[in-house]
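Have a look at structure19.pdb below; it lists PDB, C-alpha atoms and all ligand atoms.
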ATOM      1  CA  MET A   1     266.441  47.914  82.057  1.00  0.00           C
ATOM      2  CA  ARG A   2     263.764  49.434  84.207  1.00  0.00           C
ATOM      3  CA  ALA A   3     260.878  47.236  85.378  1.00  0.00           C
ATOM      4  CA  MET A   4     257.372  48.188  84.348  1.00  0.00           C
ATOM      5  CA  ASP A   5     255.108  49.731  86.946  1.00  0.00           C
ATOM      6  CA  PRO A   6     252.959  46.722  88.035  1.00  0.00           C
ATOM      7  CA  LYS A   7     249.915  48.954  88.378  1.00  0.00           C
ATOM      8  CA  LEU A   8     250.293  50.167  84.807  1.00  0.00           C
ATOM      9  CA  VAL A   9     250.633  46.583  83.591  1.00  0.00           C
ATOM     10  CA  GLU A  10     247.571  45.525  85.581  1.00  0.00           C
ATOM     11  CA  ASN A  11     245.518  48.400  84.171  1.00  0.00           C
ATOM     12  CA  ALA A  12     246.708  47.545  80.678  1.00  0.00           C
ATOM     13  CA  ARG A  13     245.694  43.927  81.196  1.00  0.00           C
ATOM     14  CA  ILE A  14     242.193  44.976  82.250  1.00  0.00           C
ATOM     15  CA  THR A  15     241.880  47.323  79.262  1.00  0.00           C
ATOM     16  CA  LEU A  16     243.117  44.626  76.888  1.00  0.00           C
ATOM     17  CA  GLU A  17     240.835  41.940  78.303  1.00  0.00           C
ATOM     18  CA  THR A  18     237.806  44.239  78.178  1.00  0.00           C
ATOM     19  CA  GLU A  19     238.591  45.236  74.617  1.00  0.00           C
ATOM     20  CA  ARG A  20     239.196  41.627  73.607  1.00  0.00           C
ATOM     21  CA  ALA A  21     235.834  40.549  75.037  1.00  0.00           C
ATOM     22  CA  ARG A  22     234.068  43.395  73.233  1.00  0.00           C
ATOM     23  CA  LEU A  23     235.692  42.621  69.878  1.00  0.00           C
ATOM     24  CA  ARG A  24     235.071  38.886  70.174  1.00  0.00           C
ATOM     25  CA  LEU A  25     231.413  39.590  70.882  1.00  0.00           C
ATOM     26  CA  GLU A  26     231.122  41.946  67.923  1.00  0.00           C
ATOM     27  CA  LEU A  27     232.850  39.545  65.562  1.00  0.00           C
ATOM     28  CA  SER A  28     230.755  36.565  66.686  1.00  0.00           C
ATOM     29  CA  GLU A  29     227.525  38.558  66.367  1.00  0.00           C
ATOM     30  CA  GLU A  30     228.314  39.423  62.765  1.00  0.00           C
ATOM     31  CA  VAL A  31     228.876  35.757  61.963  1.00  0.00           C
ATOM     32  CA  GLU A  32     225.714  34.568  63.684  1.00  0.00           C
ATOM     33  CA  HIS A  33     223.459  37.275  62.287  1.00  0.00           C
ATOM     34  CA  PRO A  34     224.440  37.977  58.697  1.00  0.00           C
ATOM     35  CA  ARG A  35     222.840  41.008  57.094  1.00  0.00           C
ATOM     36  CA  VAL A  36     219.518  39.993  55.545  1.00  0.00           C
ATOM     37  CA  SER A  37     219.427  40.877  51.887  1.00  0.00           C
ATOM     38  CA  HIS A  38     216.369  42.619  50.505  1.00  0.00           C
ATOM     39  CA  GLY A  39     215.601  41.714  46.913  1.00  0.00           C
ATOM     40  CA  ALA A  40     214.844  45.177  45.523  1.00  0.00           C
ATOM     41  CA  GLN A  41     217.038  46.053  42.544  1.00  0.00           C
ATOM     42  CA  THR A  42     217.141  49.750  43.397  1.00  0.00           C
ATOM     43  CA  ALA A  43     218.668  49.047  46.784  1.00  0.00           C
ATOM     44  CA  ALA A  44     221.347  46.703  45.404  1.00  0.00           C
ATOM     45  CA  ALA A  45     224.079  49.340  45.041  1.00  0.00           C
ATOM     46  CA  THR A  46     223.540  50.617  48.566  1.00  0.00           C
ATOM     47  CA  GLU A  47     223.629  47.107  49.977  1.00  0.00           C
ATOM     48  CA  VAL A  48     226.937  46.345  48.282  1.00  0.00           C
ATOM     49  CA  SER A  49     228.644  49.428  49.646  1.00  0.00           C
ATOM     50  CA  GLU A  50     227.190  48.747  53.080  1.00  0.00           C
ATOM     51  CA  SER A  51     228.438  45.177  53.130  1.00  0.00           C
ATOM     52  CA  GLN A  52     231.860  46.319  51.920  1.00  0.00           C
ATOM     53  CA  ARG A  53     231.997  48.798  54.755  1.00  0.00           C
ATOM     54  CA  GLY A  54     230.981  46.018  57.132  1.00  0.00           C
ATOM     55  CA  GLN A  55     233.724  43.830  55.710  1.00  0.00           C
ATOM     56  CA  GLN A  56     236.342  46.542  56.147  1.00  0.00           C
ATOM     57  CA  MET A  57     235.215  47.152  59.706  1.00  0.00           C
ATOM     58  CA  ARG A  58     235.383  43.452  60.397  1.00  0.00           C
ATOM     59  CA  GLU A  59     238.912  43.226  59.017  1.00  0.00           C
ATOM     60  CA  HIS A  60     239.925  46.215  61.089  1.00  0.00           C
ATOM     61  CA  GLU A  61     238.454  44.563  64.182  1.00  0.00           C
ATOM     62  CA  GLU A  62     240.291  41.313  63.457  1.00  0.00           C
ATOM     63  CA  VAL A  63     243.604  43.159  63.143  1.00  0.00           C
ATOM     64  CA  HIS A  64     242.877  45.040  66.334  1.00  0.00           C
ATOM     65  CA  LEU A  65     241.979  41.805  68.120  1.00  0.00           C
ATOM     66  CA  ALA A  66     245.315  40.296  67.042  1.00  0.00           C
ATOM     67  CA  GLN A  67     247.120  43.373  68.413  1.00  0.00           C
ATOM     68  CA  ILE A  68     245.283  42.960  71.702  1.00  0.00           C
ATOM     69  CA  GLU A  69     246.138  39.242  71.903  1.00  0.00           C
ATOM     70  CA  GLY A  70     249.756  40.219  71.282  1.00  0.00           C
ATOM     71  CA  GLY A  71     249.639  42.733  74.105  1.00  0.00           C
ATOM     72  CA  LEU A  72     248.263  40.141  76.529  1.00  0.00           C
ATOM     73  CA  GLN A  73     250.932  37.670  75.430  1.00  0.00           C
ATOM     74  CA  ARG A  74     253.628  40.252  76.124  1.00  0.00           C
ATOM     75  CA  ILE A  75     252.195  40.805  79.602  1.00  0.00           C
ATOM     76  CA  GLU A  76     252.418  37.041  80.220  1.00  0.00           C
ATOM     77  CA  ALA A  77     255.937  36.921  78.805  1.00  0.00           C
ATOM     78  CA  GLY A  78     257.037  39.911  80.858  1.00  0.00           C
ATOM     79  CA  THR A  79     258.071  41.922  77.812  1.00  0.00           C
ATOM     80  CA  PHE A  80     255.102  44.274  77.930  1.00  0.00           C
ATOM     81  CA  GLY A  81     256.005  47.934  77.461  1.00  0.00           C
ATOM     82  CA  MET A  82     259.183  47.276  75.507  1.00  0.00           C
ATOM     83  CA  CYS A  83     259.475  48.537  71.966  1.00  0.00           C
ATOM     84  CA  GLN A  84     259.687  45.586  69.571  1.00  0.00           C
ATOM     85  CA  SER A  85     261.891  47.573  67.210  1.00  0.00           C
ATOM     86  CA  CYS A  86     264.465  49.262  69.450  1.00  0.00           C
ATOM     87  CA  GLY A  87     263.928  47.478  72.793  1.00  0.00           C
ATOM     88  CA  LYS A  88     263.516  50.683  74.759  1.00  0.00           C
ATOM     89  CA  ALA A  89     260.654  51.264  77.181  1.00  0.00           C
ATOM     90  CA  ILE A  90     257.508  52.669  75.612  1.00  0.00           C
ATOM     91  CA  ALA A  91     256.279  55.865  77.280  1.00  0.00           C
ATOM     92  CA  PRO A  92     253.720  55.044  80.041  1.00  0.00           C
ATOM     93  CA  GLU A  93     251.240  57.621  78.651  1.00  0.00           C
ATOM     94  CA  ARG A  94     251.309  55.739  75.352  1.00  0.00           C
ATOM     95  CA  LEU A  95     250.700  52.407  77.080  1.00  0.00           C
ATOM     96  CA  VAL A  96     247.753  53.848  78.980  1.00  0.00           C
ATOM     97  CA  ALA A  97     246.200  55.190  75.778  1.00  0.00           C
ATOM     98  CA  ARG A  98     247.162  52.212  73.578  1.00  0.00           C
ATOM     99  CA  PRO A  99     248.150  49.188  75.688  1.00  0.00           C
ATOM    100  CA  TRP A 100     248.423  47.136  72.484  1.00  0.00           C
ATOM    101  CA  ALA A 101     251.207  49.381  71.126  1.00  0.00           C
ATOM    102  CA  THR A 102     254.244  47.338  70.056  1.00  0.00           C
ATOM    103  CA  ASP A 103     256.577  50.208  69.222  1.00  0.00           C
ATOM    104  CA  CYS A 104     257.659  53.409  70.910  1.00  0.00           C
ATOM    105  CA  VAL A 105     256.556  56.706  69.405  1.00  0.00           C
ATOM    106  CA  ASP A 106     259.893  57.145  67.587  1.00  0.00           C
ATOM    107  CA  CYS A 107     259.786  53.765  65.862  1.00  0.00           C
ATOM    108  CA  GLN A 108     256.069  54.101  65.105  1.00  0.00           C
ATOM    109  CA  SER A 109     256.626  57.426  63.351  1.00  0.00           C
ATOM    110  CA  LYS A 110     259.526  55.946  61.368  1.00  0.00           C
ATOM    111  CA  LYS A 111     257.288  53.124  60.178  1.00  0.00           C
ATOM    112  CA  ARG A 112     254.569  55.491  59.056  1.00  0.00           C
ATOM    113  CA  ARG A 113     255.230  56.687  55.549  1.00  0.00           C
TER     114      ARG A 113
HETATM  115 ZN    ZN B   1     261.423  52.005  69.493  1.00  0.00          ZN
END
Can the structure from this file be put into structure tokens for me?
Amino acid sequence: MRAMDPKLVENARITLETERARLRLELSEEVEHPRVSHGAQTAAATEVSESQRGQQMREHEEVHLAQIEGGLQRIEAGTFGMCQSCGKAIAPERLVARPWATDCVDCQSKKRR
């Protein structure tokens, strides 16, 4: 097994921590400042679809945050950069673009239907 480039790991850690801070801020802001509802009947339909979109975005952000936490945990555990499915090293270009990736490109494409 080949050791990860420490510089790549360090850069990934910075990316992950920055992204985690951003997502936490966004998620906390949405909780503290809920969308104010306007009473007008005509606007009701629009408001529903807007809040659904907000909900979906929020769920997406929560999933992404969990992926980021996982990436940071793998850095701590020293398993960062290893594919969780096949155990091979994930391509460095992939880790630079998506440091939260848990699978190599091959396994990721197999998972995708
Ligand atoms: Zn793999």
Within 8 Å of ligand ZN 1 (chain B) (counting only C-alpha atoms and all ligand atoms), which residues show up? I'd like them as a list in words.
Met82, Cys83, Gln84, Ser85, Cys86, Gly87, Lys88, Ala89, Ile90, Asp103, Cys104, Val105, Asp106, Cys107 and Gln108 of chain A
For the selection just defined, write its residues with C-alpha atoms to a file, as an mmCIF file, in the frame of the given file.
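selection38.cif was written with the following content:
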data_model
loop_
_atom_site.group_PDB
_atom_site.id
_atom_site.type_symbol
_atom_site.label_atom_id
_atom_site.label_comp_id
_atom_site.auth_asym_id
_atom_site.auth_seq_id
_atom_site.Cartn_x
_atom_site.Cartn_y
_atom_site.Cartn_z
ATOM 1 C CA MET A 82 259.183 47.276 75.507
ATOM 2 C CA CYS A 83 259.475 48.537 71.966
ATOM 3 C CA GLN A 84 259.687 45.586 69.571
ATOM 4 C CA SER A 85 261.891 47.573 67.210
ATOM 5 C CA CYS A 86 264.465 49.262 69.450
ATOM 6 C CA GLY A 87 263.928 47.478 72.793
ATOM 7 C CA LYS A 88 263.516 50.683 74.759
ATOM 8 C CA ALA A 89 260.654 51.264 77.181
ATOM 9 C CA ILE A 90 257.508 52.669 75.612
ATOM 10 C CA ASP A 103 256.577 50.208 69.222
ATOM 11 C CA CYS A 104 257.659 53.409 70.910
ATOM 12 C CA VAL A 105 256.556 56.706 69.405
ATOM 13 C CA ASP A 106 259.893 57.145 67.587
ATOM 14 C CA CYS A 107 259.786 53.765 65.862
ATOM 15 C CA GLN A 108 256.069 54.101 65.105
#
I need the residue set behind the PyMOL selection byres (((chain A and resi 96) around 12) and not hetatm) for this file; please write it as a PDB file with C-alpha atoms, in the frame of the given file.
ATOM      1  CA  ASP A   5     255.108  49.731  86.946  1.00  0.00           C
ATOM      2  CA  LYS A   7     249.915  48.954  88.378  1.00  0.00           C
ATOM      3  CA  LEU A   8     250.293  50.167  84.807  1.00  0.00           C
ATOM      4  CA  VAL A   9     250.633  46.583  83.591  1.00  0.00           C
ATOM      5  CA  GLU A  10     247.571  45.525  85.581  1.00  0.00           C
ATOM      6  CA  ASN A  11     245.518  48.400  84.171  1.00  0.00           C
ATOM      7  CA  ALA A  12     246.708  47.545  80.678  1.00  0.00           C
ATOM      8  CA  ARG A  13     245.694  43.927  81.196  1.00  0.00           C
ATOM      9  CA  ILE A  14     242.193  44.976  82.250  1.00  0.00           C
ATOM     10  CA  THR A  15     241.880  47.323  79.262  1.00  0.00           C
ATOM     11  CA  LEU A  16     243.117  44.626  76.888  1.00  0.00           C
ATOM     12  CA  GLY A  81     256.005  47.934  77.461  1.00  0.00           C
ATOM     13  CA  ILE A  90     257.508  52.669  75.612  1.00  0.00           C
ATOM     14  CA  ALA A  91     256.279  55.865  77.280  1.00  0.00           C
ATOM     15  CA  PRO A  92     253.720  55.044  80.041  1.00  0.00           C
ATOM     16  CA  GLU A  93     251.240  57.621  78.651  1.00  0.00           C
ATOM     17  CA  ARG A  94     251.309  55.739  75.352  1.00  0.00           C
ATOM     18  CA  LEU A  95     250.700  52.407  77.080  1.00  0.00           C
ATOM     19  CA  ALA A  97     246.200  55.190  75.778  1.00  0.00           C
ATOM     20  CA  ARG A  98     247.162  52.212  73.578  1.00  0.00           C
ATOM     21  CA  PRO A  99     248.150  49.188  75.688  1.00  0.00           C
ATOM     22  CA  TRP A 100     248.423  47.136  72.484  1.00  0.00           C
ATOM     23  CA  ALA A 101     251.207  49.381  71.126  1.00  0.00           C
TER      24      ALA A 101
END
Rounded to one decimal in Å, what is the spacing between atom CA of Met4 of chain A and atom CA of Arg22 of chain A?
26.3 Å
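If you look at atom CA of Glu69 of chain A and atom CA of Gln56 of chain A, they are 19.9 Å away from each other.
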Atom CA of Leu65 of chain A sits from atom CA of Ala21 of chain A at a separation of 9.3 Å
Restricting the calculation to only C-alpha atoms: of A:Glu62, A:Lys110, A:Pro6, A:Ser49, which residue gets closest to Ser28 of chain A?
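Answer, going by the shortest atom-to-atom distance: A:Glu62.
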